[in-house]
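Enquirer: One file: run.pdb (PDB, C-alpha atoms, pLDDT in the B column).
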```pdb
ATOM      1  CA  MET A  11     -10.070 -12.203 -14.117  1.00 84.00           C
ATOM      2  CA  SER A  12      -8.446 -14.341 -11.467  1.00 90.00           C
ATOM      3  CA  ILE A  13      -6.763 -13.480  -8.162  1.00 95.00           C
ATOM      4  CA  ARG A  14      -3.693 -15.448  -7.212  1.00 96.00           C
ATOM      5  CA  PRO A  15      -0.754 -15.176  -4.817  1.00 97.00           C
ATOM      6  CA  TYR A  16       2.084 -12.872  -5.804  1.00 98.00           C
ATOM      7  CA  ARG A  17       5.168 -14.422  -7.391  1.00 96.00           C
ATOM      8  CA  PRO A  18       8.634 -12.789  -7.573  1.00 97.00           C
ATOM      9  CA  ALA A  19       8.296 -12.633 -11.367  1.00 96.00           C
ATOM     10  CA  ASP A  20       5.346 -10.213 -10.858  1.00 97.00           C
ATOM     11  CA  ARG A  21       7.470  -7.511  -9.238  1.00 97.00           C
ATOM     12  CA  ALA A  22       7.915  -5.321 -12.314  1.00 97.00           C
ATOM     13  CA  ALA A  23       4.201  -5.567 -13.127  1.00 97.00           C
ATOM     14  CA  VAL A  24       3.232  -4.598  -9.567  1.00 98.00           C
ATOM     15  CA  TYR A  25       5.608  -1.632  -9.762  1.00 98.00           C
ATOM     16  CA  ALA A  26       4.017  -0.600 -13.073  1.00 97.00           C
ATOM     17  CA  VAL A  27       0.479  -0.762 -11.657  1.00 96.00           C
ATOM     18  CA  CYS A  28       1.589   1.181  -8.594  1.00 96.00           C
ATOM     19  CA  VAL A  29       3.044   4.125 -10.503  1.00 96.00           C
ATOM     20  CA  ARG A  30       0.164   4.160 -13.003  1.00 95.00           C
ATOM     21  CA  THR A  31      -2.362   4.550 -10.150  1.00 92.00           C
ATOM     22  CA  ALA A  32      -0.328   6.642  -7.690  1.00 90.00           C
ATOM     23  CA  GLU A  33      -1.734  10.051  -8.595  1.00 88.00           C
ATOM     24  CA  ASP A  34      -5.065   9.728  -6.778  1.00 85.00           C
ATOM     25  CA  GLY A  35      -5.809   6.706  -8.938  1.00 84.00           C
ATOM     26  CA  GLY A  36      -4.243   8.267 -12.039  1.00 87.00           C
ATOM     27  CA  ASP A  37      -0.889   7.974 -13.768  1.00 91.00           C
ATOM     28  CA  ALA A  38       2.144   9.272 -11.860  1.00 93.00           C
ATOM     29  CA  ARG A  39       4.737   8.384 -14.484  1.00 94.00           C
ATOM     30  CA  GLY A  40       7.136  11.249 -15.118  1.00 94.00           C
ATOM     31  CA  LEU A  41       6.209  13.195 -11.995  1.00 93.00           C
ATOM     32  CA  PHE A  42       9.404  12.400 -10.120  1.00 95.00           C
ATOM     33  CA  ALA A  43      13.067  11.860 -10.931  1.00 94.00           C
ATOM     34  CA  THR A  44      12.409   8.115 -11.182  1.00 96.00           C
ATOM     35  CA  ASP A  45       9.181   6.203 -11.676  1.00 96.00           C
ATOM     36  CA  ASP A  46      10.420   3.725  -9.070  1.00 97.00           C
ATOM     37  CA  LEU A  47       9.997   6.214  -6.226  1.00 96.00           C
ATOM     38  CA  MET A  48       6.300   5.608  -5.545  1.00 96.00           C
ATOM     39  CA  PRO A  49       6.622   1.818  -5.784  1.00 97.00           C
ATOM     40  CA  ASP A  50       9.760   1.814  -3.632  1.00 97.00           C
ATOM     41  CA  VAL A  51       7.721   3.585  -0.932  1.00 97.00           C
ATOM     42  CA  TYR A  52       4.344   1.888  -1.274  1.00 96.00           C
ATOM     43  CA  ALA A  53       4.909  -1.531  -2.895  1.00 97.00           C
ATOM     44  CA  GLY A  54       8.500  -2.734  -2.705  1.00 98.00           C
ATOM     45  CA  PRO A  55       8.790  -3.069   1.080  1.00 98.00           C
ATOM     46  CA  TYR A  56       5.693  -5.269   1.225  1.00 98.00           C
ATOM     47  CA  LEU A  57       6.846  -7.502  -1.627  1.00 98.00           C
ATOM     48  CA  GLU A  58      10.205  -7.870   0.104  1.00 97.00           C
ATOM     49  CA  LEU A  59       9.041  -8.274   3.695  1.00 98.00           C
ATOM     50  CA  GLU A  60       5.619  -9.957   3.422  1.00 97.00           C
ATOM     51  CA  PRO A  61       5.270 -11.579  -0.011  1.00 98.00           C
ATOM     52  CA  ASP A  62       2.816 -14.135   1.382  1.00 97.00           C
ATOM     53  CA  LEU A  63       0.313 -11.316   1.962  1.00 98.00           C
ATOM     54  CA  ALA A  64       0.527 -10.012  -1.610  1.00 98.00           C
ATOM     55  CA  PHE A  65      -2.030 -11.037  -4.233  1.00 98.00           C
ATOM     56  CA  VAL A  66      -2.444  -9.984  -7.855  1.00 97.00           C
ATOM     57  CA  VAL A  67      -5.258  -9.806 -10.390  1.00 95.00           C
ATOM     58  CA  GLU A  68      -4.333 -11.670 -13.540  1.00 92.00           C
ATOM     59  CA  GLU A  69      -6.110 -10.945 -16.800  1.00 87.00           C
ATOM     60  CA  ASP A  70      -7.551 -14.083 -18.322  1.00 77.00           C
ATOM     61  CA  GLY A  71      -5.977 -14.993 -21.619  1.00 72.00           C
ATOM     62  CA  THR A  72      -3.027 -12.603 -21.472  1.00 85.00           C
ATOM     63  CA  GLY A  73      -1.802 -13.313 -17.955  1.00 86.00           C
ATOM     64  CA  ALA A  74      -1.130  -9.596 -17.486  1.00 91.00           C
ATOM     65  CA  VAL A  75      -1.143  -8.290 -13.904  1.00 95.00           C
ATOM     66  CA  VAL A  76      -3.669  -5.439 -13.725  1.00 95.00           C
ATOM     67  CA  GLY A  77      -4.038  -4.975  -9.979  1.00 96.00           C
ATOM     68  CA  TYR A  78      -2.844  -6.087  -6.583  1.00 97.00           C
ATOM     69  CA  VAL A  79      -3.309  -5.967  -2.845  1.00 98.00           C
ATOM     70  CA  LEU A  80      -0.419  -6.071  -0.405  1.00 97.00           C
ATOM     71  CA  GLY A  81       0.202  -5.193   3.192  1.00 98.00           C
ATOM     72  CA  THR A  82       1.117  -6.510   6.605  1.00 97.00           C
ATOM     73  CA  ALA A  83      -0.627  -8.217   9.488  1.00 97.00           C
ATOM     74  CA  ASP A  84       1.403  -6.261  12.055  1.00 97.00           C
ATOM     75  CA  THR A  85       2.289  -2.659  11.238  1.00 97.00           C
ATOM     76  CA  ALA A  86       4.684  -2.190  14.170  1.00 96.00           C
ATOM     77  CA  ARG A  87       6.680  -5.285  13.219  1.00 97.00           C
ATOM     78  CA  TRP A  88       6.639  -4.257   9.552  1.00 97.00           C
ATOM     79  CA  ALA A  89       8.075  -0.825  10.391  1.00 98.00           C
ATOM     80  CA  LEU A  90      10.965  -2.403  12.289  1.00 98.00           C
ATOM     81  CA  GLU A  91      11.686  -4.843   9.472  1.00 98.00           C
ATOM     82  CA  HIS A  92      11.421  -2.026   6.909  1.00 98.00           C
ATOM     83  CA  ARG A  93      14.186  -0.121   8.674  1.00 97.00           C
ATOM     84  CA  ARG A  94      16.293  -3.241   9.155  1.00 97.00           C
ATOM     85  CA  ARG A  95      15.878  -4.966   5.790  1.00 98.00           C
ATOM     86  CA  TRP A  96      14.287  -2.674   3.173  1.00 98.00           C
ATOM     87  CA  LEU A  97      15.745   0.751   3.821  1.00 97.00           C
ATOM     88  CA  PRO A  98      19.376  -0.431   3.425  1.00 97.00           C
ATOM     89  CA  GLN A  99      18.497  -1.666  -0.069  1.00 96.00           C
ATOM     90  CA  VAL A 100      17.117   1.654  -1.318  1.00 97.00           C
ATOM     91  CA  ALA A 101      18.537   4.435   0.885  1.00 96.00           C
ATOM     92  CA  SER A 102      21.524   5.105  -1.357  1.00 95.00           C
ATOM     93  CA  ARG A 103      19.196   5.820  -4.290  1.00 95.00           C
ATOM     94  CA  TYR A 104      17.174   8.313  -2.255  1.00 97.00           C
ATOM     95  CA  PRO A 105      19.354  10.491   0.016  1.00 94.00           C
ATOM     96  CA  LEU A 106      17.437  11.808   2.997  1.00 93.00           C
ATOM     97  CA  PRO A 107      16.658  15.541   2.536  1.00 89.00           C
ATOM     98  CA  THR A 108      17.564  17.763   5.465  1.00 88.00           C
ATOM     99  CA  ALA A 109      14.435  19.901   5.160  1.00 89.00           C
ATOM    100  CA  PRO A 110      11.819  18.299   2.855  1.00 91.00           C
ATOM    101  CA  ARG A 111       9.979  20.929   0.863  1.00 92.00           C
ATOM    102  CA  THR A 112       8.932  19.441  -2.477  1.00 94.00           C
ATOM    103  CA  ARG A 113       6.511  16.561  -2.910  1.00 93.00           C
ATOM    104  CA  GLU A 114       9.361  14.315  -4.023  1.00 95.00           C
ATOM    105  CA  GLU A 115      11.424  15.202  -0.969  1.00 96.00           C
ATOM    106  CA  ARG A 116       8.475  14.473   1.300  1.00 94.00           C
ATOM    107  CA  LEU A 117       8.063  11.032  -0.303  1.00 95.00           C
ATOM    108  CA  VAL A 118      11.754  10.300   0.236  1.00 96.00           C
ATOM    109  CA  ASP A 119      11.387  11.455   3.834  1.00 95.00           C
ATOM    110  CA  THR A 120       8.469   9.035   4.232  1.00 95.00           C
ATOM    111  CA  LEU A 121      10.602   6.214   2.851  1.00 97.00           C
ATOM    112  CA  HIS A 122      13.261   6.900   5.469  1.00 97.00           C
ATOM    113  CA  HIS A 123      10.790   6.953   8.380  1.00 96.00           C
ATOM    114  CA  PRO A 124       8.650   3.774   8.327  1.00 96.00           C
ATOM    115  CA  GLU A 125       7.865   4.178  12.022  1.00 95.00           C
ATOM    116  CA  ARG A 126       5.499   6.994  11.079  1.00 91.00           C
ATOM    117  CA  THR A 127       3.044   4.318   9.964  1.00 92.00           C
ATOM    118  CA  VAL A 128       2.676   3.220  13.590  1.00 94.00           C
ATOM    119  CA  HIS A 129      -0.006   4.984  15.638  1.00 93.00           C
ATOM    120  CA  ALA A 130      -0.904   4.083  19.206  1.00 93.00           C
ATOM    121  CA  GLU A 131      -4.540   4.844  18.395  1.00 94.00           C
ATOM    122  CA  LEU A 132      -4.539   1.972  15.869  1.00 96.00           C
ATOM    123  CA  ALA A 133      -3.375  -0.769  18.241  1.00 95.00           C
ATOM    124  CA  ALA A 134      -6.670  -2.605  17.740  1.00 96.00           C
ATOM    125  CA  TYR A 135      -6.210  -2.411  13.942  1.00 97.00           C
ATOM    126  CA  PRO A 136      -2.658  -3.750  13.488  1.00 97.00           C
ATOM    127  CA  ALA A 137      -2.918  -4.896   9.866  1.00 97.00           C
ATOM    128  CA  HIS A 138      -2.749  -2.427   6.999  1.00 96.00           C
ATOM    129  CA  LEU A 139      -3.015  -2.731   3.243  1.00 97.00           C
ATOM    130  CA  HIS A 140      -2.660  -1.057  -0.145  1.00 96.00           C
ATOM    131  CA  VAL A 141      -4.868  -2.024  -3.084  1.00 95.00           C
ATOM    132  CA  ASP A 142      -4.598  -0.732  -6.650  1.00 94.00           C
ATOM    133  CA  LEU A 143      -6.268  -1.559  -9.967  1.00 94.00           C
ATOM    134  CA  LEU A 144      -5.586  -0.100 -13.378  1.00 93.00           C
ATOM    135  CA  PRO A 145      -8.443   2.266 -14.347  1.00 85.00           C
ATOM    136  CA  GLY A 146      -9.785   0.028 -17.103  1.00 77.00           C
ATOM    137  CA  HIS A 147     -10.366  -2.777 -14.612  1.00 77.00           C
ATOM    138  CA  GLN A 148     -12.113  -0.826 -11.867  1.00 76.00           C
ATOM    139  CA  GLY A 149     -15.811  -1.058 -11.142  1.00 73.00           C
ATOM    140  CA  ARG A 150     -15.967  -4.826 -11.698  1.00 81.00           C
ATOM    141  CA  GLY A 151     -15.878  -5.983  -8.102  1.00 87.00           C
ATOM    142  CA  LEU A 152     -12.172  -6.812  -8.272  1.00 93.00           C
ATOM    143  CA  GLY A 153     -11.203  -4.307  -5.588  1.00 92.00           C
ATOM    144  CA  ARG A 154     -13.637  -5.868  -3.152  1.00 94.00           C
ATOM    145  CA  ARG A 155     -12.339  -9.342  -3.976  1.00 96.00           C
ATOM    146  CA  LEU A 156      -8.745  -8.222  -3.446  1.00 96.00           C
ATOM    147  CA  VAL A 157      -9.508  -6.676  -0.063  1.00 96.00           C
ATOM    148  CA  ALA A 158     -11.476  -9.764   0.989  1.00 97.00           C
ATOM    149  CA  THR A 159      -8.583 -12.009  -0.053  1.00 97.00           C
ATOM    150  CA  PHE A 160      -6.093  -9.991   1.984  1.00 97.00           C
ATOM    151  CA  LEU A 161      -8.359  -9.835   5.031  1.00 97.00           C
ATOM    152  CA  GLY A 162      -8.858 -13.583   4.922  1.00 96.00           C
ATOM    153  CA  ALA A 163      -5.086 -14.090   4.919  1.00 97.00           C
ATOM    154  CA  VAL A 164      -4.359 -11.785   7.866  1.00 97.00           C
ATOM    155  CA  ARG A 165      -7.373 -13.122   9.771  1.00 94.00           C
ATOM    156  CA  GLU A 166      -5.871 -16.599   9.534  1.00 92.00           C
ATOM    157  CA  GLY A 167      -2.739 -15.147  11.099  1.00 88.00           C
ATOM    158  CA  GLY A 168      -4.715 -13.795  14.053  1.00 92.00           C
ATOM    159  CA  ALA A 169      -5.201 -10.111  13.134  1.00 94.00           C
ATOM    160  CA  THR A 170      -8.650  -8.901  14.144  1.00 96.00           C
ATOM    161  CA  GLY A 171      -8.501  -5.320  12.835  1.00 97.00           C
ATOM    162  CA  PHE A 172      -6.990  -3.456   9.897  1.00 97.00           C
ATOM    163  CA  HIS A 173      -6.543   0.071   8.593  1.00 97.00           C
ATOM    164  CA  LEU A 174      -5.400   1.981   5.541  1.00 95.00           C
ATOM    165  CA  GLY A 175      -4.551   5.541   4.633  1.00 93.00           C
ATOM    166  CA  VAL A 176      -6.392   7.413   1.905  1.00 91.00           C
ATOM    167  CA  SER A 177      -5.469  10.644   0.176  1.00 89.00           C
ATOM    168  CA  PRO A 178      -7.927  13.352   1.262  1.00 89.00           C
ATOM    169  CA  THR A 179      -8.268  14.338  -2.401  1.00 88.00           C
ATOM    170  CA  ASN A 180      -8.948  10.826  -3.711  1.00 87.00           C
ATOM    171  CA  THR A 181     -12.723  10.904  -3.387  1.00 88.00           C
ATOM    172  CA  SER A 182     -13.315   7.826  -5.538  1.00 88.00           C
ATOM    173  CA  ALA A 183     -11.123   5.692  -3.259  1.00 89.00           C
ATOM    174  CA  GLN A 184     -12.875   7.095  -0.205  1.00 92.00           C
ATOM    175  CA  ALA A 185     -16.254   6.179  -1.665  1.00 92.00           C
ATOM    176  CA  PHE A 186     -15.047   2.667  -2.526  1.00 91.00           C
ATOM    177  CA  TYR A 187     -13.805   1.973   0.990  1.00 93.00           C
ATOM    178  CA  ARG A 188     -16.925   3.373   2.600  1.00 93.00           C
ATOM    179  CA  ARG A 189     -19.027   1.077   0.417  1.00 93.00           C
ATOM    180  CA  LEU A 190     -17.033  -1.809   1.845  1.00 94.00           C
ATOM    181  CA  GLY A 191     -18.025  -0.677   5.324  1.00 95.00           C
ATOM    182  CA  LEU A 192     -14.784   0.919   6.518  1.00 96.00           C
ATOM    183  CA  ARG A 193     -15.091   3.797   8.965  1.00 95.00           C
ATOM    184  CA  ARG A 194     -12.809   6.666   9.858  1.00 94.00           C
ATOM    185  CA  LEU A 195     -10.277   6.011  12.602  1.00 95.00           C
ATOM    186  CA  GLU A 196      -8.803   8.925  14.511  1.00 91.00           C
ATOM    187  CA  VAL A 197      -5.035   9.252  14.785  1.00 90.00           C
ATOM    188  CA  GLY A 198      -2.814  11.982  16.199  1.00 80.00           C
ATOM    189  CA  ASP A 199      -2.617  13.839  12.900  1.00 80.00           C
ATOM    190  CA  PRO A 200      -5.980  15.513  12.199  1.00 78.00           C
ATOM    191  CA  GLN A 201      -4.997  15.926   8.548  1.00 80.00           C
ATOM    192  CA  ALA A 202      -4.562  12.175   8.030  1.00 84.00           C
ATOM    193  CA  LEU A 203      -7.478  10.233   6.605  1.00 92.00           C
ATOM    194  CA  VAL A 204      -7.318   6.708   8.007  1.00 94.00           C
ATOM    195  CA  LEU A 205     -10.095   4.160   7.510  1.00 95.00           C
ATOM    196  CA  GLY A 206     -10.419   0.705   8.969  1.00 96.00           C
ATOM    197  CA  GLY A 207     -12.491  -2.019  10.510  1.00 96.00           C
ATOM    198  CA  PRO A 208     -12.513  -5.632  11.672  1.00 97.00           C
ATOM    199  CA  THR A 209     -10.788  -8.222   9.499  1.00 96.00           C
ATOM    200  CA  ASP A 210     -14.033 -10.199   9.245  1.00 95.00           C
ATOM    201  CA  LEU A 211     -15.709  -7.244   7.548  1.00 93.00           C
ATOM    202  CA  LEU A 212     -16.079  -9.037   4.217  1.00 92.00           C
ATOM    203  CA  ALA A 213     -16.145 -12.614   5.463  1.00 81.00           C
TER     204      ALA A 213
END
```
Can the structure in the file be given as structure tokens, please?
Expert:
Amino acid sequence: MSIRPYRPADRAAVYAVCVRTAEDGGDARGLFATDDLMPDVYAGPYLELEPDLAFVVEEDGTGAVVGYVLGTADTARWALEHRRRWLPQVASRYPLPTAPRTREERLVDTLHHPERTVHAELAAYPAHLHVDLLPGHQGRGLGRRLVATFLGAVREGGATGFHLGVSPTNTSAQAFYRRLGLRRLEVGDPQALVLGGPTDLLA
């Protein structure tokens, strides 16, 4: 397995990995009106806005993309660029619900409000990331290598702290991040589970 920088030709593969791991690490295909919803929220804006901070795991021999890490070095800047450059590309496919009630409507609402990723309490942890691996490739140290690769890239850009959000029900992801040394960071929403640390954590 090798880790390399993302290329535009990888976009469909990254989208496929995203939706196949979006249900607390399990397959989310068929859960929503389109399988592009999860990736359009959690992968597409990073590939569009910060492709230089995206890296993929390539399977030796086949060249198949089986995992990735992506994110931003500056969450506040990313949120502004999301609204300016990404949202206009996808908004027509996902009309903003007036009163989100279903899970799908809440995801669409999230897509339309990137500024919700910005928390004053996380000013010392401006970078954030998403990392996903297909189930058959987990437990091999690839997740750690992906996170370390991303942190090295944002550290070179001057970011000294990072964070990420974790589903409260995804206990395996929580355990993985705690093994890496991430700790809980408090934000205004007591229901949110946010972990983070210094960007030299795995250096």
Enquirer: Please compute the CA of Pro124 in chain A-CA of Val100 in chain A distance, one decimal, in Å.
Expert: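 Atom-to-atom, CA of Pro124 in chain A to CA of Val100 in chain A, that is 13.0 Å.
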Enquirer: Kindly give the distance, in Å, that separates CA of Ala83 in chain A and CA of Val164 in chain A, rounded to a single decimal.
Expert: 5.4 Å
Enquirer: On this structure, which residues satisfy the PyMOL selection byres ((chain A and resi 12) around 7), written as a PyMOL selection string?
Expert: chain A and resi 11+13-14+67-70
Enquirer: Can you check which parts of range 74-184 of chain A lie within 12 Å of range 37-40 of chain A? Per residue, the shortest pair of atoms and distance in Å to one decimal, counting only C-alpha atoms, sorted by chain and number, as CSV.
Expert:
```
residue,atom,partner,partner_atom,distance
A:Glu114,CA,A:Gly40,CA,11.7
A:Asp142,CA,A:Asp37,CA,11.8
A:Leu143,CA,A:Asp37,CA,11.6
A:Leu144,CA,A:Asp37,CA,9.3
A:Pro145,CA,A:Asp37,CA,9.5
```
Enquirer: What gap, in Å, lies between CA of Asp46 in chain A and CA of Pro18 in chain A?
Expert: 16.7 Å
Enquirer: Quick one: contact table of range 79-106 of chain A to range 169-193 of chain A, 12 Å max, nearest atom pair and distance in Å to one decimal per residue, counting only C-alpha atoms, chain and number order, as a tab-separated table?
Expert:
```
residue	atom	partner	partner_atom	distance
A:Val79	CA	A:Leu174	CA	11.7
A:Leu80	CA	A:Leu174	CA	11.2
A:Gly81	CA	A:Leu174	CA	9.4
A:Thr82	CA	A:Phe172	CA	9.3
A:Ala83	CA	A:Ala169	CA	6.1
A:Asp84	CA	A:Ala169	CA	7.7
A:Thr85	CA	A:Phe172	CA	9.4
```
Enquirer: Got a sec: who's within 9 Å of Met48 in chain A, counting only C-alpha atoms, leaving out chain neighbours fewer than 4 positions off, as a list of chain:residue names?
Expert: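 The filter keeps A:Tyr25, A:Cys28, A:Val29, A:Ala32, A:Ala38, A:Phe42, A:Thr44, A:Tyr52, A:Ala53, A:Leu117.
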Enquirer: Could N, CA, C and O atoms be built for range 119-144 of chain A and written out as an mmCIF file, in the frame of the given file?
Expert:
```
data_model
loop_
_atom_site.group_PDB
_atom_site.id
_atom_site.type_symbol
_atom_site.label_atom_id
_atom_site.label_comp_id
_atom_site.auth_asym_id
_atom_site.auth_seq_id
_atom_site.Cartn_x
_atom_site.Cartn_y
_atom_site.Cartn_z
ATOM 1 N N ASP A 119 11.393 11.372 2.378
ATOM 2 C CA ASP A 119 11.387 11.455 3.834
ATOM 3 C C ASP A 119 10.495 10.360 4.422
ATOM 4 O O ASP A 119 10.841 9.723 5.426
ATOM 5 N N THR A 120 9.359 10.112 3.793
ATOM 6 C CA THR A 120 8.469 9.035 4.232
ATOM 7 C C THR A 120 9.172 7.686 4.138
ATOM 8 O O THR A 120 9.072 6.850 5.047
ATOM 9 N N LEU A 121 9.873 7.461 3.035
ATOM 10 C CA LEU A 121 10.602 6.214 2.851
ATOM 11 C C LEU A 121 11.587 5.973 3.988
ATOM 12 O O LEU A 121 11.746 4.842 4.460
ATOM 13 N N HIS A 122 12.240 7.023 4.441
ATOM 14 C CA HIS A 122 13.261 6.900 5.469
ATOM 15 C C HIS A 122 12.693 6.810 6.885
ATOM 16 O O HIS A 122 13.455 6.584 7.833
ATOM 17 N N HIS A 123 11.382 6.959 7.034
ATOM 18 C CA HIS A 123 10.790 6.953 8.380
ATOM 19 C C HIS A 123 9.569 6.026 8.442
ATOM 20 O O HIS A 123 8.431 6.477 8.632
ATOM 21 N N PRO A 124 9.777 4.715 8.307
ATOM 22 C CA PRO A 124 8.650 3.774 8.327
ATOM 23 C C PRO A 124 7.887 3.757 9.645
ATOM 24 O O PRO A 124 6.708 3.408 9.675
ATOM 25 N N GLU A 125 8.541 4.168 10.726
ATOM 26 C CA GLU A 125 7.865 4.178 12.022
ATOM 27 C C GLU A 125 6.698 5.155 12.067
ATOM 28 O O GLU A 125 5.845 5.059 12.950
ATOM 29 N N ARG A 126 6.633 6.066 11.106
ATOM 30 C CA ARG A 126 5.499 6.994 11.079
ATOM 31 C C ARG A 126 4.191 6.298 10.724
ATOM 32 O O ARG A 126 3.116 6.881 10.876
ATOM 33 N N THR A 127 4.269 5.067 10.254
ATOM 34 C CA THR A 127 3.044 4.318 9.964
ATOM 35 C C THR A 127 2.424 3.741 11.235
ATOM 36 O O THR A 127 1.314 3.219 11.191
ATOM 37 N N VAL A 128 3.140 3.812 12.337
ATOM 38 C CA VAL A 128 2.676 3.220 13.590
ATOM 39 C C VAL A 128 2.003 4.293 14.441
ATOM 40 O O VAL A 128 2.602 5.325 14.744
ATOM 41 N N HIS A 129 0.754 4.041 14.813
ATOM 42 C CA HIS A 129 -0.006 4.984 15.638
ATOM 43 C C HIS A 129 -0.596 4.220 16.826
ATOM 44 O O HIS A 129 -1.243 3.183 16.632
ATOM 45 N N ALA A 130 -0.379 4.743 18.012
ATOM 46 C CA ALA A 130 -0.904 4.083 19.206
ATOM 47 C C ALA A 130 -2.417 3.924 19.141
ATOM 48 O O ALA A 130 -2.980 2.946 19.637
ATOM 49 N N GLU A 131 -3.075 4.887 18.489
ATOM 50 C CA GLU A 131 -4.540 4.844 18.395
ATOM 51 C C GLU A 131 -5.041 3.672 17.555
ATOM 52 O O GLU A 131 -6.226 3.328 17.599
ATOM 53 N N LEU A 132 -4.138 3.056 16.766
ATOM 54 C CA LEU A 132 -4.539 1.972 15.869
ATOM 55 C C LEU A 132 -4.116 0.601 16.386
ATOM 56 O O LEU A 132 -4.067 -0.365 15.620
ATOM 57 N N ALA A 133 -3.841 0.497 17.680
ATOM 58 C CA ALA A 133 -3.375 -0.769 18.241
ATOM 59 C C ALA A 133 -4.374 -1.898 18.015
ATOM 60 O O ALA A 133 -3.986 -3.063 17.862
ATOM 61 N N ALA A 134 -5.646 -1.577 17.969
ATOM 62 C CA ALA A 134 -6.670 -2.605 17.740
ATOM 63 C C ALA A 134 -6.847 -2.929 16.263
ATOM 64 O O ALA A 134 -7.633 -3.817 15.911
ATOM 65 N N TYR A 135 -6.120 -2.219 15.402
ATOM 66 C CA TYR A 135 -6.210 -2.411 13.942
ATOM 67 C C TYR A 135 -4.799 -2.599 13.372
ATOM 68 O O TYR A 135 -4.332 -1.797 12.569
ATOM 69 N N PRO A 136 -4.087 -3.643 13.794
ATOM 70 C CA PRO A 136 -2.658 -3.750 13.488
ATOM 71 C C PRO A 136 -2.314 -4.001 12.030
ATOM 72 O O PRO A 136 -1.221 -3.651 11.585
ATOM 73 N N ALA A 137 -3.200 -4.625 11.278
ATOM 74 C CA ALA A 137 -2.918 -4.896 9.866
ATOM 75 C C ALA A 137 -3.148 -3.631 9.047
ATOM 76 O O ALA A 137 -3.966 -2.780 9.412
ATOM 77 N N HIS A 138 -2.420 -3.490 7.950
ATOM 78 C CA HIS A 138 -2.749 -2.427 6.999
ATOM 79 C C HIS A 138 -2.466 -2.911 5.582
ATOM 80 O O HIS A 138 -1.714 -3.866 5.376
ATOM 81 N N LEU A 139 -3.100 -2.251 4.624
ATOM 82 C CA LEU A 139 -3.015 -2.731 3.243
ATOM 83 C C LEU A 139 -2.992 -1.583 2.252
ATOM 84 O O LEU A 139 -3.333 -0.448 2.569
ATOM 85 N N HIS A 140 -2.576 -1.940 1.021
ATOM 86 C CA HIS A 140 -2.660 -1.057 -0.145
ATOM 87 C C HIS A 140 -3.281 -1.884 -1.266
ATOM 88 O O HIS A 140 -2.880 -3.021 -1.501
ATOM 89 N N VAL A 141 -4.240 -1.324 -1.963
ATOM 90 C CA VAL A 141 -4.868 -2.024 -3.084
ATOM 91 C C VAL A 141 -4.936 -1.069 -4.270
ATOM 92 O O VAL A 141 -5.287 0.104 -4.112
ATOM 93 N N ASP A 142 -4.578 -1.560 -5.442
ATOM 94 C CA ASP A 142 -4.598 -0.732 -6.650
ATOM 95 C C ASP A 142 -5.022 -1.569 -7.850
ATOM 96 O O ASP A 142 -4.616 -2.727 -7.986
ATOM 97 N N LEU A 143 -5.826 -0.948 -8.715
ATOM 98 C CA LEU A 143 -6.268 -1.559 -9.967
ATOM 99 C C LEU A 143 -6.109 -0.543 -11.079
ATOM 100 O O LEU A 143 -6.402 0.644 -10.901
ATOM 101 N N LEU A 144 -5.644 -1.003 -12.231
ATOM 102 C CA LEU A 144 -5.586 -0.100 -13.378
ATOM 103 C C LEU A 144 -6.989 0.405 -13.706
ATOM 104 O O LEU A 144 -7.978 -0.335 -13.548
#
```
